[in-house]
Amino acid sequence: MASSGSAGAGMSSGSRPIPKDEKMVIFASSLGTVFEWYDFYLFGVMSAIIAANFFTALDPATRDIFTLLAFAAGFAVRPFGAIIFGRLGDLVGRKYTFLVTILIMGLSTFLVTFLPNYATWGLAAPVALISLRLLQGLALGGEYGGAATYVAEHAPHDKRGAYTAWIQTTATVGLMLALMVILGTRLQVGEKEFAAWGWRIPYAFSGLLLLISIWIRLKLSESPAFAKMKSEGKTSKAPLTESFGQWGNLKIVILALIGGTAGQAVVWYTGQFYTLFFLQTFLKIDPPTANILIAISLILGTPFFIIFGSLSDKIGRKPIIMAGCLIAALTYFPLFNALTTYGNPKLQAAIQKSPVKVVSDPANCGVLLNLTGTKVFTNACDVTRSYLANAGVNYDKVDGPAGTIATVNVGDKAVAGYDAKAPGAKEEKARFEKEVRAALNDAGYPAKADPIVAGSYNWWMLVLILTIMVIYVTMVYGPIAAMLVEFFPTRIRYTSMSLPYHIGNGWFGGFLPAISFSIVAAQGNIFSGLWYPIIIATMTFIVGMLFVKETKDVDIYAND
């Protein structure tokens with residue numbers, strides 16, 4: 001870890017001369033990162049249209065699966081981008097490296113504008129699309145570390161948390177920008193034309209964003225910390241070896257991951273993504289309403305990134321991040337229960353009055369873990385539970401006598417399951433789904449939530465609950481960039497900080513919706529998926545409190 005220094009020590013002090021272009025540094029770094037997140041999230045927001053254009057040879061269910069896998073591929077490769085561009089950033093400099101990352105991200109997104117669909121190119125179309133998606137993930141893996149390092153190395157000692165907090169707002173702002181451009185295009189060209197060709201316009205718009213980003217970033221100078229180190233001939237010759245091949249630094253990388261970014265990531269993805277999934281899939285709230293509720297909570301919560309980043313300059317990074325992890329872990333269950341109360345009260349009443357049970361021989365029930373979405377379940381117990389989970393139905397699994405086929409009990413009604421490998425399985429499937437839906441309707445399980453009127457009591461309560469969870473996000477995410485920068489010496493900072501950040505956010509966080517949904521499918525309870533973020537956040541709290549040192553007074557100009 002970089003050595004500590006007093007607030008008045010040399011160039012690290014708050015009194016060091018502030019460069020005239022300091023505001024430009026924050027603006028240019030943040031704006032470029034906003035554009036990168038815009039590019040990255042276009043795919044996810046328009047996944048249904050992407051599926052219809054590039055995976056048309058597949059049946060609808062498989063089509064959706066492969067689209068989600070293509071989206072996940074961007075998360076999977078982020079740590080590799082962190083290694084590649086982190087090394088480059090420590091060898092040649094921050095400015096040039098994150099100029100390269102935005103070029104790769106912008107071009108790979110812009111090229112989708114002209115990419116032929118499956119009807120024109122056949123199999124080459126999805127292959128090309130996934131290849132561009134992988135390039136996006138690699139570029140994003142290099143962008144964040146560069147932007148955070150660059151801003152932190154320009155910031156006064158006592159304002160690093162406040163300055164780098166602007167970088168932390170960029171993912172949220174990038175998502176909002178993507179939503180606004182897509183909505184504006186839909187309204188302008190109409191739904192039919194948007195589905196046919198208009199979806200390419202938001203990708204084309206990224207070309208303009210790319211030109212703006214390049215123009216702005218070309219005007220920037222190298223960070224003073226790296227320039228000083230380079231002039232003294234102290235740059236690392238082998239940043240990968242120093243970062244991960246020496247136990248002293250590798251230990252800090254592991255602590256940064258387990259005691260920092262892993263917990264931060266699951267709180268971040270729960271508050272901004274899993275809540276949306278929960279509202280739509282389990283509470284049956286219509287997508288436009290769910291999107292509006294999330295968008296409002298994001299707008300209300302985003303200023304707290306700056307508030308907690310600035311507060312971390314005064315009381316430290318660790319207390320805020322650890323408090324965010326602990327509070328989230330302790331309150332997720334009551335908060336998601338409250339979402340159910342105000343989002344779909346009829347569903348909550350039905351669960352209490354007529355609980356759904358799957359009764360089956362436990363020997364015939366497998367582990368319903370389907371992280372990639374490609375696994376096919378065939379025995380009656382697994383088929384039954386998989387159907388209920390995908391339908392967003394809360395259920396309990398009850399052990400039945402040996403040899404009995406799975407049965408779904410809804411209140412006092414029982415529906416026999418079926419074996420997907422048996423003769424007549426197609427007809428049995430139709431019969432089973434029709435009877436289960438009828439039983440659920442009779443028991444008061446709503447097929448969808450009642451409309452939530454804007455400005456009503458329930459509407460305001462949902463906004464309040466969602467905003468609270470976004471504030472948790474800002475607690476853990478606002479100070480994390482400054483903390484990661486302060487963990488490592490200048491000569492290997494870009495490499496060392498990027499990897500734990502992107503393993504935490506790309507893997508622990510990026511795969512949270514799939515992992516949590518698999519837990520729900522396996523357990524039956526719609527709230528059981530919360531155990532994943534709760535366990536990871538608790539792990540980070542314990543490890544962070546015991547082993548992670550406070551970093552706010554570290555001299556980031558030190559190189560030992």
# chains A, B, ... in the order shown; residues from 1 in each chain; ligands from 1
$ residues_around --residues "region 174-183 of chain A" --least-positions-apart "4" --cutoff "12 Å" --atoms "only C-alpha atoms" --output "PyMOL selection string"
chain A and resi 30-46+49+167-170+187-191+194-195+198-206+209+272-273+288+291-292+294-299+302
$ write_last_selection --atoms "C-alpha atoms" --output "PDB file, in the first residue's frame"
ATOM      1  CA  SER A  30     -16.491  11.756 -16.368  1.00  0.00           C
ATOM      2  CA  LEU A  31     -18.074  12.614 -19.714  1.00  0.00           C
ATOM      3  CA  GLY A  32     -16.004  10.018 -21.531  1.00  0.00           C
ATOM      4  CA  THR A  33     -16.924   7.382 -18.970  1.00  0.00           C
ATOM      5  CA  VAL A  34     -20.625   8.334 -19.242  1.00  0.00           C
ATOM      6  CA  PHE A  35     -20.403   7.722 -22.986  1.00  0.00           C
ATOM      7  CA  GLU A  36     -18.728   4.351 -22.425  1.00  0.00           C
ATOM      8  CA  TRP A  37     -21.506   3.258 -20.074  1.00  0.00           C
ATOM      9  CA  TYR A  38     -24.049   4.521 -22.617  1.00  0.00           C
ATOM     10  CA  ASP A  39     -22.479   2.262 -25.217  1.00  0.00           C
ATOM     11  CA  PHE A  40     -22.292  -0.687 -22.827  1.00  0.00           C
ATOM     12  CA  TYR A  41     -25.945  -0.520 -21.723  1.00  0.00           C
ATOM     13  CA  LEU A  42     -27.521  -0.030 -25.172  1.00  0.00           C
ATOM     14  CA  PHE A  43     -27.351  -3.782 -25.661  1.00  0.00           C
ATOM     15  CA  GLY A  44     -29.125  -4.596 -22.411  1.00  0.00           C
ATOM     16  CA  VAL A  45     -31.875  -2.006 -22.799  1.00  0.00           C
ATOM     17  CA  MET A  46     -32.687  -3.189 -26.341  1.00  0.00           C
ATOM     18  CA  ILE A  49     -34.907  -6.182 -30.403  1.00  0.00           C
ATOM     19  CA  ILE A 167     -16.627   9.186 -11.923  1.00  0.00           C
ATOM     20  CA  GLN A 168     -18.939   7.084  -9.756  1.00  0.00           C
ATOM     21  CA  THR A 169     -22.041   8.840 -11.108  1.00  0.00           C
ATOM     22  CA  THR A 170     -21.211   7.935 -14.690  1.00  0.00           C
ATOM     23  CA  LEU A 187     -41.380   8.357 -30.145  1.00  0.00           C
ATOM     24  CA  GLN A 188     -39.895   9.905 -33.274  1.00  0.00           C
ATOM     25  CA  VAL A 189     -40.004   6.933 -35.666  1.00  0.00           C
ATOM     26  CA  GLY A 190     -42.768   4.806 -34.105  1.00  0.00           C
ATOM     27  CA  GLU A 191     -42.602   1.301 -32.668  1.00  0.00           C
ATOM     28  CA  PHE A 194     -37.978   1.297 -34.503  1.00  0.00           C
ATOM     29  CA  ALA A 195     -38.139  -2.509 -34.441  1.00  0.00           C
ATOM     30  CA  GLY A 198     -34.794   2.624 -35.885  1.00  0.00           C
ATOM     31  CA  TRP A 199     -32.975   0.684 -33.149  1.00  0.00           C
ATOM     32  CA  ARG A 200     -29.765   1.411 -35.070  1.00  0.00           C
ATOM     33  CA  ILE A 201     -30.096   5.166 -34.444  1.00  0.00           C
ATOM     34  CA  PRO A 202     -28.946   5.036 -30.774  1.00  0.00           C
ATOM     35  CA  TYR A 203     -25.909   3.073 -31.952  1.00  0.00           C
ATOM     36  CA  ALA A 204     -25.246   5.657 -34.668  1.00  0.00           C
ATOM     37  CA  PHE A 205     -25.529   8.396 -32.029  1.00  0.00           C
ATOM     38  CA  SER A 206     -22.557   6.824 -30.253  1.00  0.00           C
ATOM     39  CA  LEU A 209     -20.379  10.856 -28.635  1.00  0.00           C
ATOM     40  CA  GLN A 272     -30.048  -0.548  -9.574  1.00  0.00           C
ATOM     41  CA  PHE A 273     -30.764  -3.801 -11.445  1.00  0.00           C
ATOM     42  CA  PRO A 288     -42.918   1.168 -18.265  1.00  0.00           C
ATOM     43  CA  ASN A 291     -38.668   1.750 -15.436  1.00  0.00           C
ATOM     44  CA  ILE A 292     -40.154   5.088 -14.380  1.00  0.00           C
ATOM     45  CA  ILE A 294     -36.341   3.101 -10.999  1.00  0.00           C
ATOM     46  CA  ALA A 295     -35.477   6.191 -13.057  1.00  0.00           C
ATOM     47  CA  ILE A 296     -36.979   8.545 -10.464  1.00  0.00           C
ATOM     48  CA  SER A 297     -35.146   6.787  -7.635  1.00  0.00           C
ATOM     49  CA  LEU A 298     -31.881   7.067  -9.589  1.00  0.00           C
ATOM     50  CA  ILE A 299     -32.410  10.785 -10.171  1.00  0.00           C
ATOM     51  CA  THR A 302     -27.487  10.241  -7.680  1.00  0.00           C
TER      52      THR A 302
END
$ select_by_dssp --residues "region 319-494 of chain A" --states "strand (DSSP E)" --output "PDB file with N, CA, C and O atoms, in the first residue's frame"
ATOM      1  N   VAL A 356     -48.485 -21.679  -2.219  1.00  0.00           N
ATOM      2  CA  VAL A 356     -48.235 -22.693  -3.249  1.00  0.00           C
ATOM      3  C   VAL A 356     -47.162 -23.646  -2.740  1.00  0.00           C
ATOM      4  O   VAL A 356     -46.129 -23.220  -2.217  1.00  0.00           O
ATOM      5  N   LYS A 357     -47.420 -24.950  -2.923  1.00  0.00           N
ATOM      6  CA  LYS A 357     -46.460 -25.958  -2.499  1.00  0.00           C
ATOM      7  C   LYS A 357     -46.195 -26.934  -3.632  1.00  0.00           C
ATOM      8  O   LYS A 357     -47.115 -27.294  -4.370  1.00  0.00           O
ATOM      9  N   VAL A 358     -44.935 -27.342  -3.774  1.00  0.00           N
ATOM     10  CA  VAL A 358     -44.570 -28.408  -4.708  1.00  0.00           C
ATOM     11  C   VAL A 358     -44.257 -29.639  -3.877  1.00  0.00           C
ATOM     12  O   VAL A 358     -43.292 -29.653  -3.115  1.00  0.00           O
ATOM     13  N   VAL A 359     -45.108 -30.670  -4.012  1.00  0.00           N
ATOM     14  CA  VAL A 359     -44.937 -31.912  -3.254  1.00  0.00           C
ATOM     15  C   VAL A 359     -44.335 -32.954  -4.186  1.00  0.00           C
ATOM     16  O   VAL A 359     -44.898 -33.242  -5.248  1.00  0.00           O
ATOM     17  N   SER A 360     -43.178 -33.496  -3.811  1.00  0.00           N
ATOM     18  CA  SER A 360     -42.502 -34.461  -4.687  1.00  0.00           C
ATOM     19  C   SER A 360     -41.554 -35.338  -3.898  1.00  0.00           C
ATOM     20  O   SER A 360     -41.099 -34.966  -2.801  1.00  0.00           O
ATOM     21  N   TYR A 395     -43.253 -20.270  -3.907  1.00  0.00           N
ATOM     22  CA  TYR A 395     -43.699 -21.607  -3.512  1.00  0.00           C
ATOM     23  C   TYR A 395     -42.764 -22.203  -2.467  1.00  0.00           C
ATOM     24  O   TYR A 395     -41.625 -21.758  -2.291  1.00  0.00           O
ATOM     25  N   ASP A 396     -43.279 -23.237  -1.766  1.00  0.00           N
ATOM     26  CA  ASP A 396     -42.484 -24.014  -0.825  1.00  0.00           C
ATOM     27  C   ASP A 396     -42.357 -25.434  -1.356  1.00  0.00           C
ATOM     28  O   ASP A 396     -43.314 -25.983  -1.932  1.00  0.00           O
ATOM     29  N   LYS A 397     -41.210 -26.050  -1.180  1.00  0.00           N
ATOM     30  CA  LYS A 397     -41.004 -27.435  -1.604  1.00  0.00           C
ATOM     31  C   LYS A 397     -41.229 -28.359  -0.414  1.00  0.00           C
ATOM     32  O   LYS A 397     -40.637 -28.159   0.647  1.00  0.00           O
ATOM     33  N   VAL A 398     -42.108 -29.350  -0.595  1.00  0.00           N
ATOM     34  CA  VAL A 398     -42.461 -30.287   0.469  1.00  0.00           C
ATOM     35  C   VAL A 398     -42.109 -31.701   0.018  1.00  0.00           C
ATOM     36  O   VAL A 398     -42.450 -32.102  -1.102  1.00  0.00           O
ATOM     37  N   ASP A 399     -41.432 -32.446   0.868  1.00  0.00           N
ATOM     38  CA  ASP A 399     -41.066 -33.820   0.538  1.00  0.00           C
ATOM     39  C   ASP A 399     -42.298 -34.715   0.557  1.00  0.00           C
ATOM     40  O   ASP A 399     -43.096 -34.706   1.516  1.00  0.00           O
ATOM     41  N   THR A 407     -46.394 -32.663  -7.618  1.00  0.00           N
ATOM     42  CA  THR A 407     -47.729 -32.070  -7.655  1.00  0.00           C
ATOM     43  C   THR A 407     -47.655 -30.637  -7.153  1.00  0.00           C
ATOM     44  O   THR A 407     -46.963 -30.351  -6.167  1.00  0.00           O
ATOM     45  N   VAL A 408     -48.354 -29.731  -7.838  1.00  0.00           N
ATOM     46  CA  VAL A 408     -48.433 -28.341  -7.398  1.00  0.00           C
ATOM     47  C   VAL A 408     -49.731 -28.160  -6.630  1.00  0.00           C
ATOM     48  O   VAL A 408     -50.823 -28.380  -7.179  1.00  0.00           O
ATOM     49  N   ASN A 409     -49.620 -27.778  -5.373  1.00  0.00           N
ATOM     50  CA  ASN A 409     -50.795 -27.507  -4.551  1.00  0.00           C
ATOM     51  C   ASN A 409     -50.959 -25.995  -4.385  1.00  0.00           C
ATOM     52  O   ASN A 409     -50.064 -25.328  -3.854  1.00  0.00           O
ATOM     53  N   VAL A 410     -52.103 -25.499  -4.861  1.00  0.00           N
ATOM     54  CA  VAL A 410     -52.425 -24.078  -4.707  1.00  0.00           C
ATOM     55  C   VAL A 410     -53.629 -24.001  -3.782  1.00  0.00           C
ATOM     56  O   VAL A 410     -54.761 -24.289  -4.187  1.00  0.00           O
ATOM     57  N   LYS A 413     -56.250 -26.899  -4.012  1.00  0.00           N
ATOM     58  CA  LYS A 413     -56.268 -27.525  -5.333  1.00  0.00           C
ATOM     59  C   LYS A 413     -54.901 -28.120  -5.656  1.00  0.00           C
ATOM     60  O   LYS A 413     -53.865 -27.521  -5.343  1.00  0.00           O
ATOM     61  N   ALA A 414     -54.927 -29.297  -6.307  1.00  0.00           N
ATOM     62  CA  ALA A 414     -53.687 -29.981  -6.664  1.00  0.00           C
ATOM     63  C   ALA A 414     -53.628 -30.191  -8.176  1.00  0.00           C
ATOM     64  O   ALA A 414     -54.613 -30.597  -8.798  1.00  0.00           O
ATOM     65  N   VAL A 415     -52.453 -29.909  -8.759  1.00  0.00           N
ATOM     66  CA  VAL A 415     -52.234 -30.101 -10.195  1.00  0.00           C
ATOM     67  C   VAL A 415     -51.033 -31.018 -10.370  1.00  0.00           C
ATOM     68  O   VAL A 415     -49.944 -30.720  -9.885  1.00  0.00           O
ATOM     69  N   ALA A 416     -51.241 -32.137 -11.058  1.00  0.00           N
ATOM     70  CA  ALA A 416     -50.162 -33.103 -11.271  1.00  0.00           C
ATOM     71  C   ALA A 416     -49.157 -32.571 -12.276  1.00  0.00           C
ATOM     72  O   ALA A 416     -49.524 -31.957 -13.287  1.00  0.00           O
TER      73      ALA A 416
END
$ residues_around --residues "Tyr342 (chain A)" --least-positions-apart "5" --cutoff "9 Å" --atoms "only C-alpha atoms" --output "VMD selection string"
chain A and resid 337 457 to 459 461 to 462
$ write_last_selection --atoms "all heavy atoms" --output "tab-separated table (two decimals), in the first residue's frame"
chain	number	residue	atom	x	y	z
A	337	ASN	N	-39.77	-6.90	1.14
A	337	ASN	CA	-41.12	-7.21	1.60
A	337	ASN	C	-42.01	-5.98	1.46
A	337	ASN	O	-43.18	-6.10	1.08
A	337	ASN	CB	-41.09	-7.69	3.04
A	337	ASN	CG	-40.94	-9.18	3.17
A	337	ASN	OD1	-41.89	-9.93	2.92
A	337	ASN	ND2	-39.75	-9.64	3.52
A	457	TYR	N	-50.37	7.05	-2.85
A	457	TYR	CA	-49.59	6.67	-1.67
A	457	TYR	C	-48.63	5.53	-1.98
A	457	TYR	O	-47.45	5.58	-1.62
A	457	TYR	CB	-50.55	6.27	-0.53
A	457	TYR	CG	-49.83	5.83	0.73
A	457	TYR	CD1	-49.20	6.77	1.55
A	457	TYR	CD2	-49.79	4.48	1.10
A	457	TYR	CE1	-48.55	6.37	2.71
A	457	TYR	CE2	-49.15	4.08	2.26
A	457	TYR	CZ	-48.52	5.03	3.06
A	457	TYR	OH	-47.87	4.63	4.19
A	458	ASN	N	-49.15	4.50	-2.66
A	458	ASN	CA	-48.30	3.36	-3.01
A	458	ASN	C	-47.15	3.77	-3.91
A	458	ASN	O	-46.03	3.28	-3.77
A	458	ASN	CB	-49.13	2.26	-3.69
A	458	ASN	CG	-49.94	1.45	-2.69
A	458	ASN	OD1	-50.21	1.91	-1.58
A	458	ASN	ND2	-50.36	0.26	-3.08
A	459	TRP	N	-47.44	4.67	-4.85
A	459	TRP	CA	-46.41	5.16	-5.78
A	459	TRP	C	-45.29	5.84	-5.01
A	459	TRP	O	-44.11	5.56	-5.24
A	459	TRP	CB	-47.06	6.12	-6.78
A	459	TRP	CG	-46.16	6.56	-7.90
A	459	TRP	CD1	-45.99	5.95	-9.10
A	459	TRP	CD2	-45.33	7.72	-7.92
A	459	TRP	NE1	-45.10	6.66	-9.88
A	459	TRP	CE2	-44.67	7.76	-9.17
A	459	TRP	CE3	-45.06	8.74	-7.00
A	459	TRP	CZ2	-43.78	8.76	-9.52
A	459	TRP	CZ3	-44.18	9.75	-7.34
A	459	TRP	CH2	-43.55	9.75	-8.59
A	461	MET	N	-44.52	5.50	-1.84
A	461	MET	CA	-43.83	4.54	-0.98
A	461	MET	C	-42.83	3.71	-1.78
A	461	MET	O	-41.72	3.44	-1.30
A	461	MET	CB	-44.83	3.63	-0.28
A	461	MET	CG	-45.65	4.33	0.81
A	461	MET	SD	-44.63	5.15	2.08
A	461	MET	CE	-43.79	3.72	2.81
A	462	LEU	N	-43.20	3.31	-2.99
A	462	LEU	CA	-42.26	2.56	-3.85
A	462	LEU	C	-41.05	3.41	-4.20
A	462	LEU	O	-39.91	2.93	-4.16
A	462	LEU	CB	-42.98	2.08	-5.11
A	462	LEU	CG	-43.99	0.95	-4.93
A	462	LEU	CD1	-44.78	0.73	-6.22
A	462	LEU	CD2	-43.29	-0.34	-4.50
$ closest_residue --among "A:Ala350, A:Ala521, A:Met483, A:Met497" --to "Val253 (chain A)" --atoms "only C-alpha atoms"
A:Met497
$ closest_residue --among "A:Ala124, A:Ala256, A:Ala265, A:Ile452" --to "Phe487 (chain A)" --atoms "only C-alpha atoms"
A:Ala256
$ select_by_dssp --residues "region 99-196 of chain A" --states "alpha helix (DSSP H)" --output "VMD selection string"
chain A and resid 99 to 110 118 to 121 124 to 154 160 to 168 170 to 189 191 to 193
$ closest_residue --among "A:Val470, A:Ala51, A:Val476, A:Leu91" --to "Gly260 (chain A)" --atoms "only C-alpha atoms"
A:Val476
$ atom_distance --atom1 "CA of Thr261 (chain A)" --atom2 "CA of Lys318 (chain A)"
11.8 Å
$ residues_around --residues "Gly146 (chain A)" --least-positions-apart "6" --cutoff "12 Å" --atoms "only C-alpha atoms" --output "PyMOL selection string"
chain A and resi 29-30+32-33+81-90+92-102+139-140+152-153+164+167+222-223+226+481+484-485+492-499+501
$ closest_atom_pairs --of "region 85-190 of chain A" --to "region 505-519 of chain A" --cutoff "12 Å" --atoms "only C-alpha atoms" --output "tab-separated table"
residue	atom	partner	partner_atom	distance
A:Gly137	CA	A:Gly506	CA	9.1
A:Leu138	CA	A:Gly506	CA	10.9
A:Leu140	CA	A:Gly506	CA	10.0
A:Gly141	CA	A:Gly506	CA	8.7
A:Tyr144	CA	A:Asn505	CA	11.1
A:Ala171	CA	A:Asn505	CA	11.7
$ write_last_selection --atoms "N, CA, C and O atoms" --output "PDB file, in the first residue's frame"
ATOM      1  N   GLY A 137     -16.577  -4.952 -23.578  1.00  0.00           N
ATOM      2  CA  GLY A 137     -16.220  -5.360 -22.222  1.00  0.00           C
ATOM      3  C   GLY A 137     -14.752  -5.131 -21.926  1.00  0.00           C
ATOM      4  O   GLY A 137     -14.381  -4.669 -20.838  1.00  0.00           O
ATOM      5  N   LEU A 138     -13.890  -5.448 -22.903  1.00  0.00           N
ATOM      6  CA  LEU A 138     -12.457  -5.225 -22.721  1.00  0.00           C
ATOM      7  C   LEU A 138     -12.158  -3.737 -22.544  1.00  0.00           C
ATOM      8  O   LEU A 138     -11.375  -3.345 -21.674  1.00  0.00           O
ATOM      9  N   LEU A 140     -14.222  -1.347 -21.494  1.00  0.00           N
ATOM     10  CA  LEU A 140     -14.732  -0.862 -20.214  1.00  0.00           C
ATOM     11  C   LEU A 140     -13.829  -1.305 -19.069  1.00  0.00           C
ATOM     12  O   LEU A 140     -13.663  -0.575 -18.082  1.00  0.00           O
ATOM     13  N   GLY A 141     -13.237  -2.493 -19.215  1.00  0.00           N
ATOM     14  CA  GLY A 141     -12.304  -2.972 -18.198  1.00  0.00           C
ATOM     15  C   GLY A 141     -11.091  -2.069 -18.048  1.00  0.00           C
ATOM     16  O   GLY A 141     -10.483  -1.996 -16.974  1.00  0.00           O
ATOM     17  N   TYR A 144     -12.431   2.399 -16.605  1.00  0.00           N
ATOM     18  CA  TYR A 144     -12.703   2.872 -15.247  1.00  0.00           C
ATOM     19  C   TYR A 144     -11.419   3.145 -14.472  1.00  0.00           C
ATOM     20  O   TYR A 144     -11.272   4.200 -13.853  1.00  0.00           O
ATOM     21  N   ALA A 171     -21.946   5.601 -14.406  1.00  0.00           N
ATOM     22  CA  ALA A 171     -22.705   4.417 -14.820  1.00  0.00           C
ATOM     23  C   ALA A 171     -24.194   4.712 -14.802  1.00  0.00           C
ATOM     24  O   ALA A 171     -24.935   4.352 -15.729  1.00  0.00           O
TER      25      ALA A 171
END
$ atom_distance --atom1 "CA of Ile471 (chain A)" --atom2 "CA of Phe305 (chain A)"
8.1 Å
$ residues_around --residues "Leu530 (chain A)" --least-positions-apart "3" --cutoff "9 Å" --atoms "only C-alpha atoms" --output "VMD selection string"
chain A and resid 270 329 332 to 333 336 516 519 to 520 526 to 527 533 to 535
$ atom_distance --atom1 "CA of Cys381 (chain A)" --atom2 "CA of Lys448 (chain A)"
25.6 Å
$ closest_residue --among "A:Leu326, A:Ala338, A:Ala125, A:Leu69" --to "Asn53 (chain A)" --atoms "only C-alpha atoms"
A:Ala125
